[in-house]
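Asker: This structure is in structure tokens; I'll ask about it shortly.
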Amino acid sequence: METELTVEKYKASHKHLWDTFVQQAKNATFLFARDFMEYHNDRFKDFSLLVFNKGKVVSVLPANVVEDEVFSHQGLTYGGFVLSSKAKFTDVLSAYKAVLSFLSSEGITKLHLKPIPKIYCSQPSDEIDYLLFLTEGQQTRVDLSSTIDLRNPLKIQSNRTEGVKKALKQGLVLSEVTEFQSFWEDILIPNLKEQHGAKPVHSVNEITQLARSFPKNIKQFNVYQGETIVAGATIFETEHLAHIQYISANANKQQLGSLDFLFHHLITERYAEKHYFDFGISNENAGKNINKGLLYWKECFGARSVAQHFYTVHTAHHSQLDSVFI
């Protein structure tokens, strides 16, 4: 007999339940903690959901709403249904069906999902992939992230190790720091403005506050020539993975080898014990194009492609899950 589940919109009184569930989930990171999600709550109308079975949380969905459509939270790099490591397929089916049915009853016509990439999962977690197939979920975008499997790394190419030699000859120094202002103001903001006419997703105040809230997860590494910062990287760290959130260097990066120096250290020393080192995507134009030079640089370190998929499913298709089992 199918379990009767209930779905509720997130409210402040759910915070402890939500965070406790996320901490033990098989496909979640600190980005799903409410203190991370809510740093930009003024930009999004939250529509996060909790699924309950007899008062116990069995799944959560970080989400926001725009008119009559709900999105895997647009302020996060990835999202989707967060699941317990104990959840079996039937449990996930019931939760997914309950959410689609709930959304449909609320007048929501479409659910847009960007499931967390598999490299972040502590256990196999492809149930939603299959359920999207059953409910005719449409793939709307694919991004390619460049990732090193640190348990079986490829050799770093000589053009990158030559950059390391340049940096050592120039006397560059690498430091892990707790302040973000110098990297943001001297390197990151000017570069993004000049090269892309853009700003960092996080302001310096926001990243500083987030790092205070998640000191084990958000790290800053700067490269100096004398007293001058010449390059840096912001790392979002999880139990098994180090993800590059921001990379930037001054105009002399080729002559100094500053980024080669920085990432050689991060890959071969600082994060060598992780499972994965993820450079992030090189995509532009909503995934349709790839920055060839940036991709090549990452692949020279031994990174190879991991796909992140985006889907749209009509909530009315929940009825297509009525007869899955035979």
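Ligands are numbered from 1 in the order shown, chains are lettered A, B, ... in the order of the structure tokens, and residues start at 1 in each chain.
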Would you list the contacts of Glu136 of chain A as JSON, numbers by chain, taking every protein, DNA or RNA residue within 10 Å and counting only C-alpha atoms, but skipping same-chain residues closer than 2 positions in sequence?
Answerer: {"A": [130, 131, 132, 133, 134, 138, 139, 311, 312, 313, 314, 317, 320]}
Asker: I need the chosen residues saved as a PDB file, in the first residue's frame, with N, CA and C atoms.
Answerer:
```pdb
ATOM      1  N   TYR A 130      15.668   8.802 -13.314  1.00  0.00           N
ATOM      2  CA  TYR A 130      14.725   7.832 -13.875  1.00  0.00           C
ATOM      3  C   TYR A 130      13.298   8.369 -13.804  1.00  0.00           C
ATOM      4  N   LEU A 131      12.949   8.999 -12.708  1.00  0.00           N
ATOM      5  CA  LEU A 131      11.591   9.517 -12.557  1.00  0.00           C
ATOM      6  C   LEU A 131      11.318  10.667 -13.522  1.00  0.00           C
ATOM      7  N   LEU A 132      12.335  11.440 -13.842  1.00  0.00           N
ATOM      8  CA  LEU A 132      12.175  12.488 -14.854  1.00  0.00           C
ATOM      9  C   LEU A 132      11.862  11.865 -16.219  1.00  0.00           C
ATOM     10  N   PHE A 133      12.476  10.734 -16.508  1.00  0.00           N
ATOM     11  CA  PHE A 133      12.165  10.006 -17.739  1.00  0.00           C
ATOM     12  C   PHE A 133      10.705   9.570 -17.750  1.00  0.00           C
ATOM     13  N   LEU A 134      10.230   9.033 -16.636  1.00  0.00           N
ATOM     14  CA  LEU A 134       8.851   8.549 -16.571  1.00  0.00           C
ATOM     15  C   LEU A 134       7.841   9.680 -16.685  1.00  0.00           C
ATOM     16  N   GLN A 138      11.902  17.305 -19.710  1.00  0.00           N
ATOM     17  CA  GLN A 138      12.655  17.748 -20.885  1.00  0.00           C
ATOM     18  C   GLN A 138      14.003  18.309 -20.458  1.00  0.00           C
ATOM     19  N   GLN A 139      15.076  17.799 -21.061  1.00  0.00           N
ATOM     20  CA  GLN A 139      16.409  18.347 -20.788  1.00  0.00           C
ATOM     21  C   GLN A 139      16.539  19.682 -21.503  1.00  0.00           C
ATOM     22  N   TYR A 311      16.576  20.241 -16.204  1.00  0.00           N
ATOM     23  CA  TYR A 311      15.336  19.650 -16.706  1.00  0.00           C
ATOM     24  C   TYR A 311      14.136  20.533 -16.380  1.00  0.00           C
ATOM     25  N   THR A 312      13.110  20.377 -17.192  1.00  0.00           N
ATOM     26  CA  THR A 312      11.805  20.960 -16.901  1.00  0.00           C
ATOM     27  C   THR A 312      10.754  19.859 -16.985  1.00  0.00           C
ATOM     28  N   VAL A 313       9.901  19.769 -15.982  1.00  0.00           N
ATOM     29  CA  VAL A 313       8.844  18.753 -15.969  1.00  0.00           C
ATOM     30  C   VAL A 313       7.514  19.440 -15.668  1.00  0.00           C
ATOM     31  N   HIS A 314       6.468  19.017 -16.347  1.00  0.00           N
ATOM     32  CA  HIS A 314       5.124  19.531 -16.089  1.00  0.00           C
ATOM     33  C   HIS A 314       4.569  18.835 -14.840  1.00  0.00           C
ATOM     34  N   HIS A 317       2.102  15.880 -14.739  1.00  0.00           N
ATOM     35  CA  HIS A 317       2.542  14.537 -15.116  1.00  0.00           C
ATOM     36  C   HIS A 317       2.714  13.606 -13.915  1.00  0.00           C
ATOM     37  N   GLN A 320       1.423  10.106 -14.201  1.00  0.00           N
ATOM     38  CA  GLN A 320       2.131   9.090 -14.958  1.00  0.00           C
ATOM     39  C   GLN A 320       2.925   8.149 -14.054  1.00  0.00           C
TER      40      GLN A 320
END
```
Asker: Do you know which residues are at most 8 Å from segment 294-305 of chain A counting only C-alpha atoms, after dropping those on the same chain fewer than 2 positions away, and could you put them as a PyMOL selection string?
Answerer: chain A and resi 144-149+153-157+159-160+264+278-279+282+290-292+307
Asker: Can you work out which one of A:Gly163, A:Pro124, A:Gly75, A:Gly287 has the shortest atom-to-atom distance to Asn41 of chain A, counting only C-alpha atoms?
Answerer: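 Among the listed residues, A:Gly75 lies closest to Asn41 of chain A.
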Asker: Using DSSP on the backbone coordinates, identify all residues within segment 149-263 of chain A classified as strand (DSSP E); present the result as a ChimeraX atom specification.
Answerer: /A:149,173-177,218-225,228-237,241-249
Asker: Can you tell me which residues surround Leu266 of chain A at a distance of at most 10 Å, considering only C-alpha atoms, apart from same-chain residues fewer than 5 positions away, and format the answer as a ChimeraX atom specification?
Answerer: /A:221,233,235,242,260-261,271-272,277
Asker: Quick check, in Å to one decimal: how far apart do atom CA of Val92 of chain A and atom CA of Thr238 of chain A lie?
Answerer: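 Taking atom CA of Val92 of chain A and atom CA of Thr238 of chain A, their separation equals 24.1 Å.
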Asker: I need the residue nearest Phe21 of chain A from this list: A:Arg34, A:Arg270, A:His196, A:His202. Use only C-alpha atoms for the distance.
Answerer: A:Arg34
Asker: Can you list, as an NGL selection string, every protein, DNA or RNA residue that comes within 12 Å of Ala95 of chain A when you count only C-alpha atoms, leaving out same-chain residues fewer than 3 positions away?
Answerer: :A and (2-8 or 49-53 or 57-61 or 81-84 or 87-92 or 98-102 or 127-128 or 131 or 318 or 321)
Asker: Please produce a file of the residues just selected, as a PDB file, in the first residue's frame, where the atoms kept are C-alpha atoms.
Answerer:
```
ATOM      1  CA  GLU A   2       1.398   3.410  -0.991  1.00  0.00           C
ATOM      2  CA  THR A   3       2.536   5.589   1.881  1.00  0.00           C
ATOM      3  CA  GLU A   4       0.593   8.815   2.315  1.00  0.00           C
ATOM      4  CA  LEU A   5       3.043  11.705   2.376  1.00  0.00           C
ATOM      5  CA  THR A   6       2.471  15.358   3.173  1.00  0.00           C
ATOM      6  CA  VAL A   7       4.259  18.329   1.608  1.00  0.00           C
ATOM      7  CA  GLU A   8       4.798  21.688   3.295  1.00  0.00           C
ATOM      8  CA  LEU A  49       9.489  22.258   0.220  1.00  0.00           C
ATOM      9  CA  LEU A  50       9.686  19.550   2.860  1.00  0.00           C
ATOM     10  CA  VAL A  51       8.157  16.092   2.386  1.00  0.00           C
ATOM     11  CA  PHE A  52       6.972  14.327   5.536  1.00  0.00           C
ATOM     12  CA  ASN A  53       6.053  10.741   6.311  1.00  0.00           C
ATOM     13  CA  VAL A  57      11.247  14.508   6.947  1.00  0.00           C
ATOM     14  CA  VAL A  58      11.979  12.178   4.014  1.00  0.00           C
ATOM     15  CA  SER A  59      13.054  14.733   1.392  1.00  0.00           C
ATOM     16  CA  VAL A  60      13.547  18.469   0.919  1.00  0.00           C
ATOM     17  CA  LEU A  61      13.643  20.597  -2.217  1.00  0.00           C
ATOM     18  CA  PHE A  81      15.498  16.669  -4.401  1.00  0.00           C
ATOM     19  CA  VAL A  82      17.646  16.087  -1.316  1.00  0.00           C
ATOM     20  CA  LEU A  83      17.446  12.458  -0.207  1.00  0.00           C
ATOM     21  CA  SER A  84      18.372  10.357   2.780  1.00  0.00           C
ATOM     22  CA  ALA A  87      15.823   6.114   1.040  1.00  0.00           C
ATOM     23  CA  LYS A  88      14.954   3.288  -1.327  1.00  0.00           C
ATOM     24  CA  PHE A  89      13.575   3.816  -4.807  1.00  0.00           C
ATOM     25  CA  THR A  90       9.965   3.454  -3.681  1.00  0.00           C
ATOM     26  CA  ASP A  91      10.520   6.194  -1.081  1.00  0.00           C
ATOM     27  CA  VAL A  92      11.930   8.571  -3.685  1.00  0.00           C
ATOM     28  CA  ALA A  98       3.847  13.949  -3.778  1.00  0.00           C
ATOM     29  CA  VAL A  99       5.763  17.123  -4.678  1.00  0.00           C
ATOM     30  CA  LEU A 100       4.513  17.205  -8.275  1.00  0.00           C
ATOM     31  CA  SER A 101       0.954  16.661  -7.070  1.00  0.00           C
ATOM     32  CA  PHE A 102       1.310  19.358  -4.411  1.00  0.00           C
ATOM     33  CA  GLU A 127      16.403   7.884  -8.738  1.00  0.00           C
ATOM     34  CA  ILE A 128      15.230  11.315  -9.873  1.00  0.00           C
ATOM     35  CA  LEU A 131      11.591   9.517 -12.557  1.00  0.00           C
ATOM     36  CA  HIS A 318       2.459  13.200 -11.559  1.00  0.00           C
ATOM     37  CA  LEU A 321       3.631   7.567 -11.797  1.00  0.00           C
TER      38      LEU A 321
END
```
Asker: Could you tell me which of A:Glu185, A:Glu227, A:Asp129, A:Glu206 comes closest to Val173 of chain A if we count only C-alpha atoms?
Answerer: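 That would be A:Glu227, the residue with the smallest distance to Val173 of chain A.
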Asker: Mind giving me the straight-line distance from atom CA of Ser248 of chain A to atom CA of Ile187 of chain A in Å, one decimal?
Answerer: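 Those two atoms sit 6.4 Å apart.
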Asker: Nearest to Ser105 of chain A: which of A:Asn222, A:Gln308, A:Gln74, A:Asp68 is it, counting only C-alpha atoms?
Answerer: A:Asp68
Asker: Give the alpha helix (DSSP H) residues of segment 149-248 of chain A, as DSSP finds them on the backbone, and put them as JSON, numbers by chain.
Answerer: {"A": [158, 159, 160, 161, 162, 163, 164, 165, 166, 167, 168, 169, 181, 182, 183, 189, 190, 191, 192, 193, 194, 195, 196, 204, 205, 206, 207, 208, 209, 210, 211, 212, 213]}
Asker: Mind giving me the straight-line distance from atom CA of Pro190 of chain A to atom CA of Thr208 of chain A in Å, one decimal?
Answerer: 18.5 Å
Asker: Set the distance at 10 Å and use only C-alpha atoms: which residues neighbour Phe44 of chain A once local chain neighbours fewer than 6 positions away are removed? I'd like the list as a PyMOL selection string.
Answerer: chain A and resi 38+63-66+73-75
Asker: With C-alpha atoms retained, write the just-selected residues as a PDB file, in the first residue's frame.
Answerer:
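File produced: selection26.pdb:
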```pdb
ATOM      1  CA  GLU A  38      19.223  32.830   2.864  1.00  0.00           C
ATOM      2  CA  ALA A  63      13.487  26.101  -4.507  1.00  0.00           C
ATOM      3  CA  ASN A  64      12.135  29.507  -5.449  1.00  0.00           C
ATOM      4  CA  VAL A  65       9.058  30.546  -7.408  1.00  0.00           C
ATOM      5  CA  VAL A  66       8.609  32.870 -10.396  1.00  0.00           C
ATOM      6  CA  HIS A  73      16.857  27.413  -6.195  1.00  0.00           C
ATOM      7  CA  GLN A  74      18.248  29.876  -8.741  1.00  0.00           C
ATOM      8  CA  GLY A  75      20.673  31.272  -6.187  1.00  0.00           C
TER       9      GLY A  75
END
```
